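Engineer: Shown below is the structure under consideration.
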Amino acid sequence: MIEPALSALDALFDPIRLAALFAGMLVGMVFGMLPGLGGVAAVSILLPFVYYLDDYSGLAMLLGAISVVYTADTITSVLLGAPGSPASAPTAIEGHALAKKGEAGRALGVGFLASMVGGLVGAAVLFFAIPIAGPIVLMLGTPELFMFALVGLFFASSMIGKDLAKGLAAACLGVLLGVVGPAQAAADFRFTFGQVYLLDGFSLTIVALGLFGVAEVISMLAAGGSISHERMKVTKWGDGFHDFWKSRWLVLRASIIGVFGGFVPAVGASASTWVAYGHAIRSTKDKTKFGKGEIRGIAASEGANNATVISDLVPTLLFSVPGGPAAAIFLGALFSFGYYPGPRMITQNPDLMFLIVWSVALTSIVGAALCFAVTPMLARLTRIPFAIIAAPLILIMVIGAYQSTSTMGDIFMLFLLGGLGWLMKHGGWPRAPALVGFVLAGPMEQYFWLTNQIHGWSWLTRPGVLIIGSIIFIPFLLSAYRWVRAHGQETALQVPVETDEDDAGTPQASKGVALVLAAIATVLFLYALWELFSFNPASRLMPALTIVPGLPLALWLLVRGVREFNNDFERDARELWILVALVAYAFVVWAIGLSIPTGLLIAWMLLAKAKMRLWTSLIYGGVVFAIIRVLFELLRGDAPVGALIPLS
Amino acid sequence: MQGLKISMAAVLLMGSTLSAAAQDGQFAGKTIEVVVPFGEGGATFVSAKFLEPYFEKHLPGNPDIDVVSRPGGGSILGANWFEQNAKSDGTTILFTTSSTANPFVLGQEGVDYRLADYRVAFSHPFSAVAYVSPSTGITSAADIKNSSTPLLYGGIAAAASDLPGLLSFEVLDIDVRSVLGFNGRGPVRLAFEQGELNLDYQFTPVYLTQVVPSVAEGRAVPLWTGGSMVDGVLKGRDPIAPELPSVYEVYEAMNGETPSGIEWEAFQGVASVTYAYGLTGYMHPDTSKEVLDAFATAAAAINADPEFQAESQKVTNGARLNAGPNTEAAIKAALSPSDEVRTYLRNLLSEKFGVNF
């Protein structure tokens with residue numbers, strides 16, 4: 001084992017291969033930072049170049065990109081509050097709250113170090129996995145995967161927040177979004193309104209960008225000024241190291257959660273990141289800071305998402321079953337080079353296996369170091385008026401969304417869900433449970449159905465199921481025990497946590513918005529209930545599980561909303577207009593193509609919002625416009641063409 | 001802009017046909033866009049990338065080939081895009097599988113593309129092999145009805161690429177419980193290896209690289225292949241595993257007569273577009289004969305290319321490209337089944353598998 005490991009290291013230290021690895025890493029960093037564009041976009045843009053290189057260099061290039069994306073996305077999540085990739089949404093919640101307090105340096109330091117550790121744990125698992133992970137993956141049958149989804153749900157319950165009704169309703173709404181599209185159990189397409197676009201359901205990227213990214217940009221744009229009102233202390237890395245060291249065991253545990261997330265095909269980094277974040281909440285005594293800038297939340301989620309993306313390679317290499325979307329493209333590249341991963345690859349191509357391990361480990365370290373190096377420069381972005389960054393930021397989110405299907409539906413959905421995210425933010429509904437509900441709805445339904453079809457109910461006695469189940473029951477029993485012992489004391493049971501909004505930026509939830517949102521949710525749940533009866537019985541279970549609690553909750557919130565109503569729309573009017581402008585932008589793009597409305601949007605933001613001078617804005621706006629067009633060309637080959645006037 | 005594009009294309013096309021004799025090749029300096037309506041790592045995308053250099057080498061004028069993935073709607077979105085944007089000069093190709101053909105044949109909602117009107121540039125087989133777990137006690141295809149445990153098949157969705165497999169169980173009249181709802185054939189194979197399922201179908205590259213080693217280790221027993229087309233009937237042996245019988249032969253051995261009837265017709269139609277013509281490059285309905293001939297000639301040249309032969313031996317056990325009028329006729333026939341067959345398929349899918357039309 002040592003000998004092929006060393007010869008693979010030697011093979012990697014060939015100058016061309018190292019250059020390819022670091023070139024891939026740079027591309028991965030840039031795409032990690034661009035919100036909505038992540039590993040998949042980075043790998044697909046590199047793919048054509050890979051074929052000009054030899055096999056080891058080409059694969060090293062892809063690995064460089066894959067393994068650094070979840071390190072670099074921390075920067076965007078912390079500084080701009082828009083998740084750099086869906087799996088860093090928890091980082092966006094906690095890190096951005098810290099950034100607003102001027103503590104971006106701390107948040108980033110912990111984020112980078114946790115990412116690095118996550119990456120290294122992933123690499124170590126790959127290294128040792130080679131002989132042992134095969135049996136572990138084979139032990140994880142569908143019943144065990146279902147139990148993992150339940151554990152995720154259990155951890156997610158800690159994100160419900162102070163207002164129980166709103167938190168649960170948000171989770172139900174998320175699950176409802178998650179069941180749109182093909183039913184796992186029977187051949188039903190649910191809630192698609194006859195739209196081909198919805199046949200695959202919602203894309204995770206668009207849901208994460210819409211709920212968190214768009215809403216954040218709108219608020220910051222309306223507030224005017226810069227992101228941080230305090231001077232950012234990014235040069236003080238010492239605090240970050242200190243914080244990281246204090247949460248080192250949490251990072252390690254989160255990385256292990258992430259590794260298991262990677263073992264499970266198609267459950268991806270988002271689910272394990274949320275599980276790790278939920279674990280951080282549960283294992284922290286003072287839960288009051290979650291949602292308002294808790295460093296442990298960042299440590300856990302960054303450790304987990306990096307570990308997942310690397311251990312995604314375990315099922316990919318051992319069974320040819322990609323663990324995630326970026327791993328799927330990597331698998332395609334392996335095929336193209338004539339490698340067919342499988343149990344035999346370990347004996348047939350030990351060098352290649354170790355080359356992968358070294359590439360991933362090296363990029364994790366160098367990538368984190370590079371992130372430390374560039375952050376002081378990027379942090380200056382937070383001091384300039386936000387309106388200047390807003391235009392390119394929104395347009396990059398549009399491109400990110402457009403990667404899902406390259407149809408106008410992507411852009412409409414981005415702003416529609418952006419509207420929903422905005423309503424939730426202002427109506428006091430926590431968004432984290434909604435995203436978790438969305439992420440877990442699919443796997444829960446799928447694995448429950450498959451498990452029951454294959455095993456009947458006998459699966460409940462499988463040893464794996466019992467072991468995983470104990471993750472839920474032991475803490476449950478412990479808290480019950482504590483409750484009995486400290487009976488009567490108010491604080492004995494876990495204190496519910498507010499995980500969503502920051503304390504400084506957003507004041508009290510708007511009564512008007514809360515009412516509107518409750519009304520929308522009620523209509524959605526009522527409609528869902530009506531359509532439910534047209535499905536095959538097997539496809540009804542999951543929607544029913546969310547409608548049954550969701551509808552009464554929404555009705556109750558509606559009643560509460562009417563009772564508490566006062567007309568405070570005025571307060572958010574500025575933000576509402578920006579939201580309207582963005583939706584209008586989507587419609588105009590649909591009607592007359594990308595170029596004209598994009599030019600107008602940039603002009604409006606720079607002249608009206610940022611109050612730039614004509615000439616400066618003309619030059620800057622021109623550059624932004626050109627970059628956006630080039631990105632559209634590079635990534636998809638064509639920009640949306642107008643339906644009424646066929647321009648692009 | 002689109003109008004402009006089309007007229008530009010027309011000018012280019014006219015220009016190229018006029019000067020075809022003078023130029024060294026009709027595709028010189030052009031880019032051919034190959035649209036794959038699935039994701040980037042998928043089998044169809046990988047196959048398109050595999051064929052790309054050979055078409056660049058053998059098409060007249062050595063065009064640039066650009067493989068573009070347009071996933072969504074279970075391949076319907078990408079095919080609809082092709083319907084709206086394809087050029088008729090042979091520079092846009094829809095490269096896809098039965099996942100696009102089945103919704104068209106069944107007349108599902110959201111299908112805007114007229115697949116049966118498209119011209120066929122070339123086609124590549126995408127064979128499938130059925131295999132069982134040794135725990136069933138089955139040792140060969142003839143044994144299939146004597147399983148010691150109930151047969152459990154895993155699949156994705158009845159109306160998609162699982163359709164021919166499910167129809168083969170109907171033809172052979174085997175009692176199989178089908179668990180549909182997996183994410184892909186990879187997870188299905190994993191569930192097979194975990195012992196959760198005991199009957200599976202896998203397609204060419206995965207069969208050769210993953211299942212064959214399992215067979216050697218005694219963890220899987222291969223049964224039959226979908227078969228290959230011989231004189232318009234899906235009865236021949238498949239080059240991927242010439243030692244295995246086709247579904248046709250298995251039926252013959254079981255029943256002492258050749259298969260016939262509506263089940264067989266439905267199976268043959270669906271299975272031929274899934275297996276024998278599994279990966280097909282479609283072109284705009286108005287594509288000229290010159291362009292189609294150029295692709296047929298290129299396909300023949302690729303088949304004769306020793307480099308292609310060596311590579312395909314590794315990946316597909318030496319499968320060859322099909323092109324020309326006979327291939328096109330067979331595909332078009334399979335895409336336009338009789339009303340009887342269509343009704344049978346729709347009834348089977350809605351009654352047995354709960355598909356809504």
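Simple scheme: letters A, B, ... for chains in structure tokens order, numbers from 1 for residues in each chain, numbers from 1 for ligands in the order shown.
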Tell me, counting only C-alpha atoms, for each residue of stretch 149-267 of chain B within 9 Å of stretch 314-331 of chain B, which pair of atoms is nearest and how far apart they are in Å to one decimal, in rows ordered by chain and increasing number, as JSON lines.

Structural biologist:
{"residue": "B:Thr204", "atom": "CA", "partner": "B:Thr316", "partner_atom": "CA", "distance": 6.0}
{"residue": "B:Pro205", "atom": "CA", "partner": "B:Val315", "partner_atom": "CA", "distance": 5.8}
{"residue": "B:Leu208", "atom": "CA", "partner": "B:Thr316", "partner_atom": "CA", "distance": 7.4}
{"residue": "B:Thr209", "atom": "CA", "partner": "B:Val315", "partner_atom": "CA", "distance": 8.2}
{"residue": "B:Gly232", "atom": "CA", "partner": "B:Ala330", "partner_atom": "CA", "distance": 7.2}
{"residue": "B:Pro239", "atom": "CA", "partner": "B:Ala319", "partner_atom": "CA", "distance": 6.8}
{"residue": "B:Ile240", "atom": "CA", "partner": "B:Asn317", "partner_atom": "CA", "distance": 5.3}
{"residue": "B:Ala241", "atom": "CA", "partner": "B:Asn317", "partner_atom": "CA", "distance": 8.1}

Engineer: Extract, using only C-alpha atoms, all DNA, RNA and protein residues at most 8 Å from B:Tyr207, discarding same-chain residues fewer than 4 positions from it, and format them as a PDB file with C-alpha atoms, in the first residue's frame.

Structural biologist:
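What follows is the written file selection00.pdb:
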ATOM      1  CA  ALA B 128     -28.656  -5.007 -22.272  1.00  0.00           C
ATOM      2  CA  VAL B 129     -28.088  -8.258 -20.423  1.00  0.00           C
ATOM      3  CA  GLN B 202     -27.562  -3.647 -17.222  1.00  0.00           C
ATOM      4  CA  PHE B 203     -26.498  -1.901 -20.411  1.00  0.00           C
ATOM      5  CA  VAL B 211     -21.277  -7.414 -14.100  1.00  0.00           C
ATOM      6  CA  VAL B 212     -18.819  -9.642 -15.962  1.00  0.00           C
TER       7      VAL B 212
END

Engineer: Which neighbours of stretch 182-199 of chain A fall inside 8 Å, counting only C-alpha atoms, when residues of the same chain fewer than 4 positions from it are skipped, and could you give them as a list in words?

Structural biologist: Gly409, Gly442, Glu445, Gln446, Trp449, Leu450, Ala528, Glu531, Phe535, Asn536, Ala538 and Ser539 of chain A; Gly72, Gly73, Gly74, Ile76, Leu77, Glu109, Gly110, Ala157, Ala158, Leu180, Gly181, Phe182, Phe353, Gly354, Val355 and Asn356 of chain B

Engineer: Using only N, CA and C atoms, please write the residues we just selected to a file, as a JSON list (two decimals), in the first residue's frame.

Structural biologist:
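Below you can see again02.json, which holds the result:
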[["chain", "number", "residue", "atom", "x", "y", "z"],
["A", 409, "GLY", "N", -37.64, 28.95, -17.69],
["A", 409, "GLY", "CA", -38.21, 28.49, -16.43],
["A", 409, "GLY", "C", -37.24, 28.68, -15.27],
["A", 442, "GLY", "N", -37.19, 14.28, -0.91],
["A", 442, "GLY", "CA", -36.95, 13.28, -1.96],
["A", 442, "GLY", "C", -36.39, 11.98, -1.40],
["A", 445, "GLU", "N", -38.84, 10.00, 0.95],
["A", 445, "GLU", "CA", -39.92, 9.30, 0.26],
["A", 445, "GLU", "C", -39.37, 8.11, -0.52],
["A", 446, "GLN", "N", -38.28, 8.35, -1.26],
["A", 446, "GLN", "CA", -37.74, 7.30, -2.11],
["A", 446, "GLN", "C", -37.32, 6.09, -1.29],
["A", 449, "TRP", "N", -40.21, 4.18, 0.41],
["A", 449, "TRP", "CA", -40.95, 3.38, -0.57],
["A", 449, "TRP", "C", -40.17, 2.14, -0.97],
["A", 450, "LEU", "N", -38.89, 2.33, -1.33],
["A", 450, "LEU", "CA", -38.10, 1.18, -1.77],
["A", 450, "LEU", "C", -37.96, 0.17, -0.64],
["A", 528, "ALA", "N", -52.81, 21.76, -3.03],
["A", 528, "ALA", "CA", -52.10, 20.48, -2.97],
["A", 528, "ALA", "C", -53.04, 19.38, -2.47],
["A", 531, "GLU", "N", -55.32, 18.38, -5.35],
["A", 531, "GLU", "CA", -54.68, 17.57, -6.40],
["A", 531, "GLU", "C", -54.27, 16.20, -5.88],
["A", 535, "PHE", "N", -53.69, 11.32, -7.43],
["A", 535, "PHE", "CA", -52.48, 10.50, -7.54],
["A", 535, "PHE", "C", -52.76, 9.04, -7.25],
["A", 536, "ASN", "N", -51.80, 8.20, -7.67],
["A", 536, "ASN", "CA", -51.81, 6.81, -7.22],
["A", 536, "ASN", "C", -51.63, 6.81, -5.70],
["A", 538, "ALA", "N", -49.76, 5.24, -3.75],
["A", 538, "ALA", "CA", -48.38, 5.23, -3.26],
["A", 538, "ALA", "C", -47.74, 6.62, -3.33],
["A", 539, "SER", "N", -48.20, 7.47, -4.25],
["A", 539, "SER", "CA", -47.60, 8.79, -4.38],
["A", 539, "SER", "C", -48.22, 9.79, -3.42],
["B", 72, "GLY", "N", -33.03, 17.67, -18.46],
["B", 72, "GLY", "CA", -34.28, 18.19, -17.93],
["B", 72, "GLY", "C", -35.50, 17.46, -18.45],
["B", 73, "GLY", "N", -36.50, 17.31, -17.60],
["B", 73, "GLY", "CA", -37.76, 16.69, -18.00],
["B", 73, "GLY", "C", -37.58, 15.27, -18.50],
["B", 74, "GLY", "N", -36.60, 14.55, -17.95],
["B", 74, "GLY", "CA", -36.36, 13.18, -18.40],
["B", 74, "GLY", "C", -36.05, 13.13, -19.88],
["B", 76, "ILE", "N", -37.04, 15.26, -22.17],
["B", 76, "ILE", "CA", -38.03, 15.93, -23.01],
["B", 76, "ILE", "C", -37.62, 17.38, -23.30],
["B", 77, "LEU", "N", -37.05, 18.07, -22.31],
["B", 77, "LEU", "CA", -36.68, 19.48, -22.53],
["B", 77, "LEU", "C", -35.63, 19.62, -23.63],
["B", 109, "GLU", "N", -47.64, 13.79, -22.22],
["B", 109, "GLU", "CA", -47.79, 15.23, -22.17],
["B", 109, "GLU", "C", -46.44, 15.93, -22.25],
["B", 110, "GLY", "N", -46.42, 17.08, -22.89],
["B", 110, "GLY", "CA", -45.19, 17.88, -22.90],
["B", 110, "GLY", "C", -44.25, 17.55, -24.05],
["B", 157, "ALA", "N", -38.35, 3.94, -13.77],
["B", 157, "ALA", "CA", -39.74, 4.28, -14.03],
["B", 157, "ALA", "C", -40.23, 3.42, -15.18],
["B", 158, "ALA", "N", -41.47, 2.98, -15.11],
["B", 158, "ALA", "CA", -41.98, 2.01, -16.08],
["B", 158, "ALA", "C", -41.98, 2.54, -17.50],
["B", 180, "LEU", "N", -40.07, -0.03, -8.59],
["B", 180, "LEU", "CA", -39.61, 1.12, -9.38],
["B", 180, "LEU", "C", -39.43, 2.32, -8.46],
["B", 181, "GLY", "N", -38.57, 3.24, -8.85],
["B", 181, "GLY", "CA", -38.36, 4.43, -8.04],
["B", 181, "GLY", "C", -36.90, 4.65, -7.66],
["B", 182, "PHE", "N", -35.98, 3.86, -8.25],
["B", 182, "PHE", "CA", -34.56, 4.11, -8.00],
["B", 182, "PHE", "C", -34.11, 5.34, -8.78],
["B", 353, "PHE", "N", -48.76, -0.41, -13.81],
["B", 353, "PHE", "CA", -47.76, 0.46, -13.20],
["B", 353, "PHE", "C", -48.30, 1.84, -12.83],
["B", 354, "GLY", "N", -49.60, 2.04, -12.99],
["B", 354, "GLY", "CA", -50.20, 3.29, -12.54],
["B", 354, "GLY", "C", -49.75, 4.54, -13.27],
["B", 355, "VAL", "N", -49.32, 4.41, -14.53],
["B", 355, "VAL", "CA", -48.91, 5.60, -15.28],
["B", 355, "VAL", "C", -50.15, 6.35, -15.75],
["B", 356, "ASN", "N", -50.18, 7.65, -15.53],
["B", 356, "ASN", "CA", -51.30, 8.47, -16.02],
["B", 356, "ASN", "C", -50.97, 9.06, -17.38]]

Engineer: Please list as JSON, numbers by chain every residue within 8 Å of stretch 122-139 of chain A, counting only C-alpha atoms and excluding residues in the same chain fewer than 5 positions away.

Structural biologist: {"A": [255, 259, 263, 264, 306, 307, 308, 310, 311, 313, 314, 315, 318, 343, 346, 354, 357, 358, 360, 361, 464], "B": [190, 193, 194]}

Engineer: Write out as number ranges by chain the residues lying within 10 Å of B:Phe50, counting only C-alpha atoms and excluding same-chain residues fewer than 4 positions away.

Structural biologist: A: 335-337; B: 44-46, 54-55, 308, 311-312, 315

Engineer: Would you give me, as a PyMOL selection string, the residues in stretch 303-347 of chain B that DSSP reads as alpha helix (DSSP H)?

Structural biologist: chain B and resi 303-304+306-316+325-335+339-347

Engineer: At most 10 Å is the cut-off: for each residue in stretch 15-133 of chain B with any atom that close to an atom of stretch 293-307 of chain B, write down the nearest atom pair and the distance in Å rounded to one decimal, counting only C-alpha atoms, chain first then increasing number, as JSON lines.

Structural biologist:
{"residue": "B:Gly25", "atom": "CA", "partner": "B:Ala294", "partner_atom": "CA", "distance": 9.7}
{"residue": "B:Gln26", "atom": "CA", "partner": "B:Ala294", "partner_atom": "CA", "distance": 8.6}
{"residue": "B:Phe27", "atom": "CA", "partner": "B:Ala294", "partner_atom": "CA", "distance": 9.5}
{"residue": "B:Leu51", "atom": "CA", "partner": "B:Ile302", "partner_atom": "CA", "distance": 9.2}
{"residue": "B:Tyr54", "atom": "CA", "partner": "B:Ile302", "partner_atom": "CA", "distance": 6.3}
{"residue": "B:Phe55", "atom": "CA", "partner": "B:Ala298", "partner_atom": "CA", "distance": 6.8}
{"residue": "B:Glu56", "atom": "CA", "partner": "B:Ala298", "partner_atom": "CA", "distance": 9.5}
{"residue": "B:Lys57", "atom": "CA", "partner": "B:Ile302", "partner_atom": "CA", "distance": 8.6}
{"residue": "B:His58", "atom": "CA", "partner": "B:Ala298", "partner_atom": "CA", "distance": 5.2}
{"residue": "B:Leu59", "atom": "CA", "partner": "B:Ala298", "partner_atom": "CA", "distance": 5.3}
{"residue": "B:Pro60", "atom": "CA", "partner": "B:Ala294", "partner_atom": "CA", "distance": 7.1}
{"residue": "B:Gly90", "atom": "CA", "partner": "B:Phe295", "partner_atom": "CA", "distance": 9.2}
{"residue": "B:Val120", "atom": "CA", "partner": "B:Phe295", "partner_atom": "CA", "distance": 9.5}
{"residue": "B:Ala121", "atom": "CA", "partner": "B:Phe295", "partner_atom": "CA", "distance": 5.9}
{"residue": "B:Phe122", "atom": "CA", "partner": "B:Phe295", "partner_atom": "CA", "distance": 6.9}
{"residue": "B:Ser123", "atom": "CA", "partner": "B:Ala299", "partner_atom": "CA", "distance": 9.0}
{"residue": "B:His124", "atom": "CA", "partner": "B:Ala299", "partner_atom": "CA", "distance": 10.0}
